[in-house]
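J.: Have a peek at start.tsv (TSV, C-alpha atoms).
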```tsv
chain	number	residue	atom	x	y	z
A	1	MET	CA	-4.57	-9.96	-21.96
A	2	VAL	CA	-1.12	-8.44	-22.35
A	3	PHE	CA	0.40	-11.92	-22.22
A	4	ALA	CA	-1.66	-12.98	-25.25
A	5	LEU	CA	-0.91	-9.81	-27.19
A	6	TYR	CA	2.86	-10.03	-27.10
A	7	LEU	CA	2.79	-13.69	-28.09
A	8	TYR	CA	2.42	-12.49	-31.67
A	9	SER	CA	5.92	-10.98	-31.52
A	10	MET	CA	7.53	-14.10	-30.04
A	11	LYS	CA	9.71	-16.42	-32.07
A	12	LEU	CA	8.33	-19.85	-32.91
A	13	ALA	CA	10.36	-21.76	-30.30
A	14	THR	CA	9.01	-19.49	-27.54
A	15	LYS	CA	5.46	-19.76	-28.81
A	16	LEU	CA	5.63	-23.55	-28.78
A	17	ILE	CA	6.35	-23.40	-25.04
A	18	HIS	CA	4.22	-20.49	-23.86
A	19	ALA	CA	1.36	-19.98	-26.33
A	20	GLY	CA	-2.03	-20.23	-24.65
A	21	ILE	CA	-0.58	-21.26	-21.28
A	22	GLU	CA	-1.47	-19.23	-18.20
A	23	PRO	CA	-1.27	-20.24	-14.53
A	24	ASP	CA	-4.37	-21.97	-13.23
A	25	PRO	CA	-6.32	-19.29	-11.29
A	26	SER	CA	-7.44	-21.66	-8.53
A	27	THR	CA	-4.09	-23.28	-7.68
A	28	GLY	CA	-1.39	-21.38	-9.57
A	29	ALA	CA	-0.40	-24.54	-11.45
A	30	ILE	CA	1.88	-23.69	-14.36
A	31	MET	CA	0.51	-26.39	-16.68
A	32	THR	CA	-3.16	-26.48	-17.61
A	33	PRO	CA	-5.16	-29.13	-15.73
A	34	ILE	CA	-7.19	-31.69	-17.68
A	35	TYR	CA	-10.77	-30.73	-16.91
A	36	GLN	CA	-13.00	-33.81	-17.07
A	37	THR	CA	-16.15	-32.27	-15.65
A	38	SER	CA	-19.28	-32.40	-17.81
A	39	THR	CA	-21.02	-29.36	-16.37
A	40	TYR	CA	-20.20	-26.16	-14.47
A	41	VAL	CA	-21.81	-24.23	-11.61
A	42	GLN	CA	-23.99	-21.29	-12.60
A	43	SER	CA	-24.95	-18.56	-10.15
A	44	ALA	CA	-28.24	-18.27	-12.05
A	45	PRO	CA	-29.52	-19.69	-15.34
A	46	GLY	CA	-27.19	-18.42	-18.05
A	47	GLN	CA	-24.84	-16.73	-15.58
A	48	HIS	CA	-21.50	-18.55	-15.49
A	49	LYS	CA	-17.76	-18.02	-15.81
A	50	GLY	CA	-17.62	-18.74	-19.51
A	51	TYR	CA	-18.21	-22.47	-19.20
A	52	GLU	CA	-21.58	-24.17	-18.89
A	53	TYR	CA	-21.38	-27.63	-20.49
A	54	ALA	CA	-18.45	-29.73	-21.69
A	55	ARG	CA	-19.78	-30.12	-25.22
A	56	SER	CA	-20.00	-26.33	-25.55
A	57	GLN	CA	-16.83	-25.24	-23.76
A	58	ASN	CA	-13.93	-26.87	-21.97
A	59	PRO	CA	-11.01	-24.99	-20.35
A	60	THR	CA	-8.40	-27.53	-21.46
A	61	ARG	CA	-9.59	-27.48	-25.04
A	62	LYS	CA	-9.69	-23.69	-25.00
A	63	VAL	CA	-6.00	-23.53	-24.04
A	64	LEU	CA	-5.14	-25.89	-26.92
A	65	GLU	CA	-7.15	-23.81	-29.39
A	66	THR	CA	-5.51	-20.58	-28.24
A	67	ALA	CA	-2.05	-22.13	-28.42
A	68	LEU	CA	-2.55	-23.43	-31.96
A	69	ALA	CA	-3.94	-20.08	-33.12
A	70	HIS	CA	-0.91	-18.20	-31.76
A	71	ILE	CA	1.58	-20.71	-33.13
A	72	GLU	CA	0.07	-20.52	-36.62
A	73	ASN	CA	-0.50	-16.73	-36.43
A	74	GLY	CA	-4.26	-17.13	-36.72
A	75	LYS	CA	-6.90	-15.18	-34.85
A	76	TYR	CA	-8.99	-18.14	-33.69
A	77	GLY	CA	-8.55	-21.87	-33.22
A	78	LEU	CA	-11.27	-24.52	-33.10
A	79	CYS	CA	-10.51	-28.12	-32.18
A	80	PHE	CA	-12.62	-31.00	-33.45
A	81	SER	CA	-12.84	-34.72	-32.76
A	82	SER	CA	-11.04	-35.48	-36.04
A	83	GLY	CA	-9.67	-33.88	-39.18
A	84	VAL	CA	-12.70	-35.09	-41.12
A	85	ALA	CA	-15.00	-33.46	-38.56
A	86	ALA	CA	-13.14	-30.17	-39.04
A	87	THR	CA	-13.44	-30.52	-42.81
A	88	ASP	CA	-17.14	-31.31	-42.49
A	89	ALA	CA	-17.72	-28.09	-40.54
A	90	VAL	CA	-16.19	-25.97	-43.30
A	91	LEU	CA	-18.26	-27.64	-46.03
A	92	ARG	CA	-21.44	-26.99	-44.04
A	93	LEU	CA	-20.88	-23.27	-44.63
A	94	LEU	CA	-21.73	-23.83	-48.31
A	95	GLN	CA	-25.12	-23.81	-50.03
A	96	PRO	CA	-26.62	-25.95	-52.83
A	97	GLY	CA	-25.27	-24.72	-56.15
A	98	ASP	CA	-21.92	-23.64	-54.72
A	99	GLU	CA	-18.77	-25.00	-56.34
A	100	VAL	CA	-15.48	-26.15	-54.82
A	101	ILE	CA	-12.14	-26.49	-56.61
A	102	ALA	CA	-10.26	-29.32	-54.89
A	103	ALA	CA	-7.01	-31.20	-55.34
A	104	ASN	CA	-7.11	-34.48	-57.27
A	105	ASP	CA	-4.60	-36.00	-54.84
A	106	MET	CA	-6.01	-35.73	-51.35
A	107	TYR	CA	-6.76	-37.76	-48.26
A	108	GLY	CA	-9.31	-40.46	-49.09
A	109	GLY	CA	-11.56	-39.52	-46.18
A	110	THR	CA	-11.85	-35.98	-47.50
A	111	TYR	CA	-12.60	-37.19	-51.03
A	112	ARG	CA	-15.33	-39.51	-49.80
A	113	LEU	CA	-16.84	-36.77	-47.65
A	114	PHE	CA	-17.01	-34.51	-50.72
A	115	THR	CA	-18.35	-37.08	-53.18
A	116	LYS	CA	-20.52	-39.34	-51.01
A	117	ILE	CA	-22.05	-36.73	-48.69
A	118	PHE	CA	-21.86	-33.15	-49.95
A	119	GLU	CA	-22.37	-33.80	-53.65
A	120	LYS	CA	-25.81	-35.12	-52.68
A	121	SER	CA	-26.52	-31.68	-51.16
A	122	GLY	CA	-26.06	-29.98	-54.51
A	123	ILE	CA	-22.44	-28.86	-54.07
A	124	ARG	CA	-20.28	-29.37	-57.16
A	125	PHE	CA	-16.61	-30.35	-56.89
A	126	HIS	CA	-13.84	-29.97	-59.47
A	127	PHE	CA	-10.84	-32.22	-58.76
A	128	ILE	CA	-7.69	-30.91	-60.44
A	129	ASN	CA	-3.88	-30.94	-60.26
A	130	MET	CA	-3.06	-27.94	-58.07
A	131	GLN	CA	0.67	-28.00	-58.62
A	132	ASP	CA	0.04	-25.72	-61.61
A	133	PRO	CA	-1.92	-22.56	-60.55
A	134	ALA	CA	-3.21	-22.16	-64.11
A	135	ASN	CA	-5.33	-25.27	-63.61
A	136	ILE	CA	-7.28	-23.49	-60.88
A	137	THR	CA	-8.10	-20.27	-62.72
A	138	ALA	CA	-9.69	-22.27	-65.53
A	139	TYR	CA	-12.40	-23.50	-63.14
A	140	ILE	CA	-13.20	-20.30	-61.26
A	141	ASN	CA	-16.69	-19.01	-62.01
A	142	ALA	CA	-19.52	-17.08	-60.35
A	143	ASN	CA	-20.47	-20.11	-58.22
A	144	THR	CA	-16.98	-20.84	-56.86
A	145	ARG	CA	-17.01	-20.53	-53.08
A	146	LEU	CA	-14.01	-22.51	-51.87
A	147	ILE	CA	-10.60	-23.67	-53.06
A	148	TRP	CA	-9.41	-26.76	-51.19
A	149	ALA	CA	-5.70	-27.60	-51.34
A	150	GLU	CA	-3.75	-30.21	-49.41
A	151	THR	CA	0.00	-29.99	-48.93
A	152	PRO	CA	1.86	-32.25	-48.56
A	153	THR	CA	-0.74	-34.44	-50.23
A	154	ASN	CA	-1.79	-37.84	-48.97
A	155	PRO	CA	-0.72	-40.39	-50.13
A	156	LEU	CA	1.68	-39.13	-52.83
A	157	MET	CA	3.31	-36.36	-50.73
A	158	ASN	CA	3.08	-33.80	-53.54
A	159	ILE	CA	3.79	-30.19	-52.58
A	160	VAL	CA	1.39	-27.42	-53.57
A	161	ASP	CA	2.83	-23.90	-53.57
A	162	ILE	CA	0.37	-21.82	-51.51
A	163	SER	CA	2.57	-18.72	-51.43
A	164	ALA	CA	1.58	-15.52	-53.20
A	165	GLY	CA	3.72	-16.70	-56.10
A	166	GLY	CA	1.77	-19.96	-56.34
A	167	ILE	CA	-1.92	-20.57	-55.81
A	168	GLY	CA	-1.95	-18.05	-52.96
A	169	PHE	CA	-2.74	-15.25	-55.41
A	170	ILE	CA	-6.27	-16.59	-55.62
A	171	VAL	CA	-7.09	-15.62	-52.03
A	172	HIS	CA	-7.27	-12.06	-53.25
A	173	THR	CA	-10.27	-13.04	-55.37
A	174	PRO	CA	-13.41	-11.79	-53.58
A	175	ALA	CA	-15.53	-14.41	-51.78
A	176	ILE	CA	-13.21	-17.35	-52.58
A	177	PRO	CA	-11.26	-18.46	-49.50
A	178	LEU	CA	-8.33	-20.82	-49.79
A	179	GLU	CA	-8.44	-23.89	-47.59
A	180	THR	CA	-5.11	-25.61	-47.01
A	181	GLY	CA	-4.51	-28.83	-45.18
A	182	THR	CA	-1.71	-31.03	-43.96
A	183	LEU	CA	-1.59	-34.44	-42.34
A	184	LEU	CA	1.86	-34.05	-40.81
A	185	LEU	CA	2.35	-33.22	-37.15
A	186	GLY	CA	4.51	-30.13	-36.76
A	187	CYS	CA	4.30	-29.04	-40.40
A	188	ARG	CA	3.77	-25.28	-40.46
A	189	ILE	CA	1.88	-23.68	-43.33
A	190	GLU	CA	2.85	-20.13	-44.22
A	191	ALA	CA	-0.17	-18.14	-45.32
A	192	PRO	CA	0.17	-15.60	-48.12
A	193	ASP	CA	0.27	-12.01	-46.89
A	194	GLY	CA	-3.20	-10.64	-46.34
A	195	ALA	CA	-4.86	-13.96	-47.08
A	196	VAL	CA	-8.05	-15.27	-45.55
A	197	VAL	CA	-6.86	-18.79	-44.87
A	198	GLU	CA	-8.29	-21.66	-42.87
A	199	VAL	CA	-5.81	-24.36	-41.96
A	200	ASP	CA	-6.81	-27.95	-41.32
A	201	LEU	CA	-4.34	-29.67	-39.06
A	202	GLU	CA	-4.84	-33.32	-38.22
A	203	VAL	CA	-2.56	-34.33	-35.39
A	204	ARG	CA	-1.34	-37.91	-35.16
A	205	TYR	CA	0.79	-39.41	-32.42
A	206	THR	CA	2.24	-42.65	-33.81
A	207	ARG	CA	2.72	-45.82	-31.82
A	208	PRO	CA	5.51	-48.31	-32.52
A	209	MET	CA	4.46	-50.65	-35.30
A	210	ASP	CA	4.53	-53.65	-32.97
A	211	ALA	CA	2.14	-51.97	-30.55
A	212	PRO	CA	-1.60	-52.81	-30.53
A	213	GLU	CA	-3.31	-51.37	-33.62
A	214	GLY	CA	0.17	-50.49	-34.89
A	215	LYS	CA	-0.82	-47.08	-36.18
A	216	SER	CA	-1.98	-43.74	-34.78
A	217	ALA	CA	-3.15	-43.54	-31.19
A	218	VAL	CA	-4.54	-40.00	-31.05
A	219	ARG	CA	-6.27	-38.00	-33.74
A	220	SER	CA	-7.78	-34.55	-33.68
A	221	GLY	CA	-8.70	-31.80	-36.07
A	222	CYS	CA	-8.32	-28.07	-35.79
A	223	ARG	CA	-9.46	-25.05	-37.79
A	224	LEU	CA	-7.28	-21.97	-37.60
A	225	VAL	CA	-9.42	-19.15	-38.90
A	226	ASN	CA	-9.15	-15.56	-40.06
A	227	PRO	CA	-11.09	-13.38	-39.50
A	228	SER	CA	-14.08	-14.99	-37.68
A	229	ALA	CA	-14.78	-18.38	-36.14
A	230	GLU	CA	-18.36	-17.86	-34.98
A	231	ALA	CA	-20.09	-19.76	-37.79
A	232	LEU	CA	-17.75	-22.74	-37.51
A	233	ALA	CA	-18.03	-22.76	-33.72
A	234	LEU	CA	-21.83	-22.97	-33.96
A	235	ILE	CA	-21.64	-25.79	-36.50
A	236	ARG	CA	-19.26	-27.70	-34.23
A	237	LEU	CA	-21.68	-27.28	-31.33
A	238	TYR	CA	-24.84	-28.19	-33.25
A	239	VAL	CA	-23.46	-31.35	-34.87
A	240	GLY	CA	-21.44	-32.49	-31.84
A	241	SER	CA	-18.04	-32.68	-33.53
A	242	GLU	CA	-15.99	-31.06	-30.78
A	243	SER	CA	-13.02	-32.96	-29.38
```
As structure tokens, please, write out the structure in this file.

T.:
Amino acid sequence: MVFALYLYSMKLATKLIHAGIEPDPSTGAIMTPIYQTSTYVQSAPGQHKGYEYARSQNPTRKVLETALAHIENGKYGLCFSSGVAATDAVLRLLQPGDEVIAANDMYGGTYRLFTKIFEKSGIRFHFINMQDPANITAYINANTRLIWAETPTNPLMNIVDISAGGIGFIVHTPAIPLETGTLLLGCRIEAPDGAVVEVDLEVRYTRPMDAPEGKSAVRSGCRLVNPSAEALALIRLYVGSES
């Protein structure tokens, strides 16, 4: 659509308001309705309007994914039930024998997913200090398939330079994508020019500390992907990790 195309030339403040939002075709409502239906009418088996079952597609979720992709200048957005679920989907793209270079200061849930689950599948992880790009190049070999960086890191809030002048230069290495993550709502990650980057954004809305549970009330995960999201979308569907 023309509306979607010129979003890429909008400034950030405009994108935050308009990205992914189009009037509801049935009522003209400006804001997207929350669709709670589990299934959708089909004129014949396999013939539908793009939605057939809530676990596969949902109009509300689609608007969110489109909005996040536009805001972060990605081509595709995929929302998951949690940040760990989004991380899990990326790791499922790997094969036994593949190697991952990861930060030694990262979210504990990610570390446990790597070491307790995927190491058993024959994937090897190297945990290093990514604040010095030279540390990364020392571990790159023929089996390296993924570089996993987190910035700001959790819990120490270290900053990893993912620009072309930092570790971003590595994205120009064939077959080694750079994965960057953040745990801060509203923190924008600038991708190096020409990079193939997947961004993991875990969104947290925080309750007052005296409220029940005291901590985060809503969590979700999203993959912002260049250039294709098909493989990740299928993994999300098959393992049931959609939001």

J.: When you look at stretch 45-56 of chain A with a cut-off of 8 Å (counting all atoms listed in the file), what residues show up, excluding the ones that are within fewer than 5 positions of it in the same chain? I need them as a list in words.

T.: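 Near neighbours after the sequence-gap exclusion: Thr37, Ser38, Thr39, Tyr40, Leu237, Gly240 and Glu242 of chain A.
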
J.: Between A:Gln42, A:Thr151, A:Thr87, A:Thr137, single out the one closest to A:Thr110, counting only C-alpha atoms.

T.: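 Closest residue, counting only C-alpha atoms: A:Thr87.
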
J.: Could you state the separation of atom CA of A:Ile147 and atom CA of A:Leu16 in Å, given to one decimal place?

T.: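 Taking atom CA of A:Ile147 as the start and atom CA of A:Leu16 as the end point, the length is 29.2 Å.
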
J.: Find the residues near A:Thr60: any atom within 9 Å, counting all atoms listed in the file, skip ones fewer than 2 places away on the same chain, and give them as a PyMOL selection string.

T.: chain A and resi 32-36+58+62-65

J.: Set the distance at 12 Å and use all atoms listed in the file: which residues neighbour A:Ile235 once local chain neighbours fewer than 2 positions away are removed? I'd like the list as a compact mmCIF listing (two decimals) with C-alpha atoms, in the frame of the given file.

T.:
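Generated output (result30.txt):
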```txt
# COMPACT_ATOMS: atom_id res chain seq x y z
CA SER A 56 -20.00 -26.33 -25.55
CA LEU A 78 -11.27 -24.52 -33.10
CA PHE A 80 -12.62 -31.00 -33.45
CA ALA A 85 -15.00 -33.46 -38.56
CA ALA A 86 -13.14 -30.17 -39.04
CA THR A 87 -13.44 -30.52 -42.81
CA ASP A 88 -17.14 -31.31 -42.49
CA ALA A 89 -17.72 -28.09 -40.54
CA VAL A 90 -16.19 -25.97 -43.30
CA LEU A 91 -18.26 -27.64 -46.03
CA ARG A 92 -21.44 -26.99 -44.04
CA LEU A 93 -20.88 -23.27 -44.63
CA LEU A 94 -21.73 -23.83 -48.31
CA ALA A 229 -14.78 -18.38 -36.14
CA GLU A 230 -18.36 -17.86 -34.98
CA ALA A 231 -20.09 -19.76 -37.79
CA LEU A 232 -17.75 -22.74 -37.51
CA ALA A 233 -18.03 -22.76 -33.72
CA LEU A 237 -21.68 -27.28 -31.33
CA TYR A 238 -24.84 -28.19 -33.25
CA VAL A 239 -23.46 -31.35 -34.87
CA GLY A 240 -21.44 -32.49 -31.84
CA SER A 241 -18.04 -32.68 -33.53
CA GLU A 242 -15.99 -31.06 -30.78
```

J.: Name all residues at most 12 Å from A:Glu119 (count all atoms listed in the file; drop same-chain ones fewer than 3 positions away) and give them as a PyMOL selection string.

T.: chain A and resi 91-92+94-100+111-116+122-126

J.: Rounded to one decimal, what separation in Å do you get between atom CA of A:Gly108 and atom CA of A:Asn154?

T.: 8.0 Å
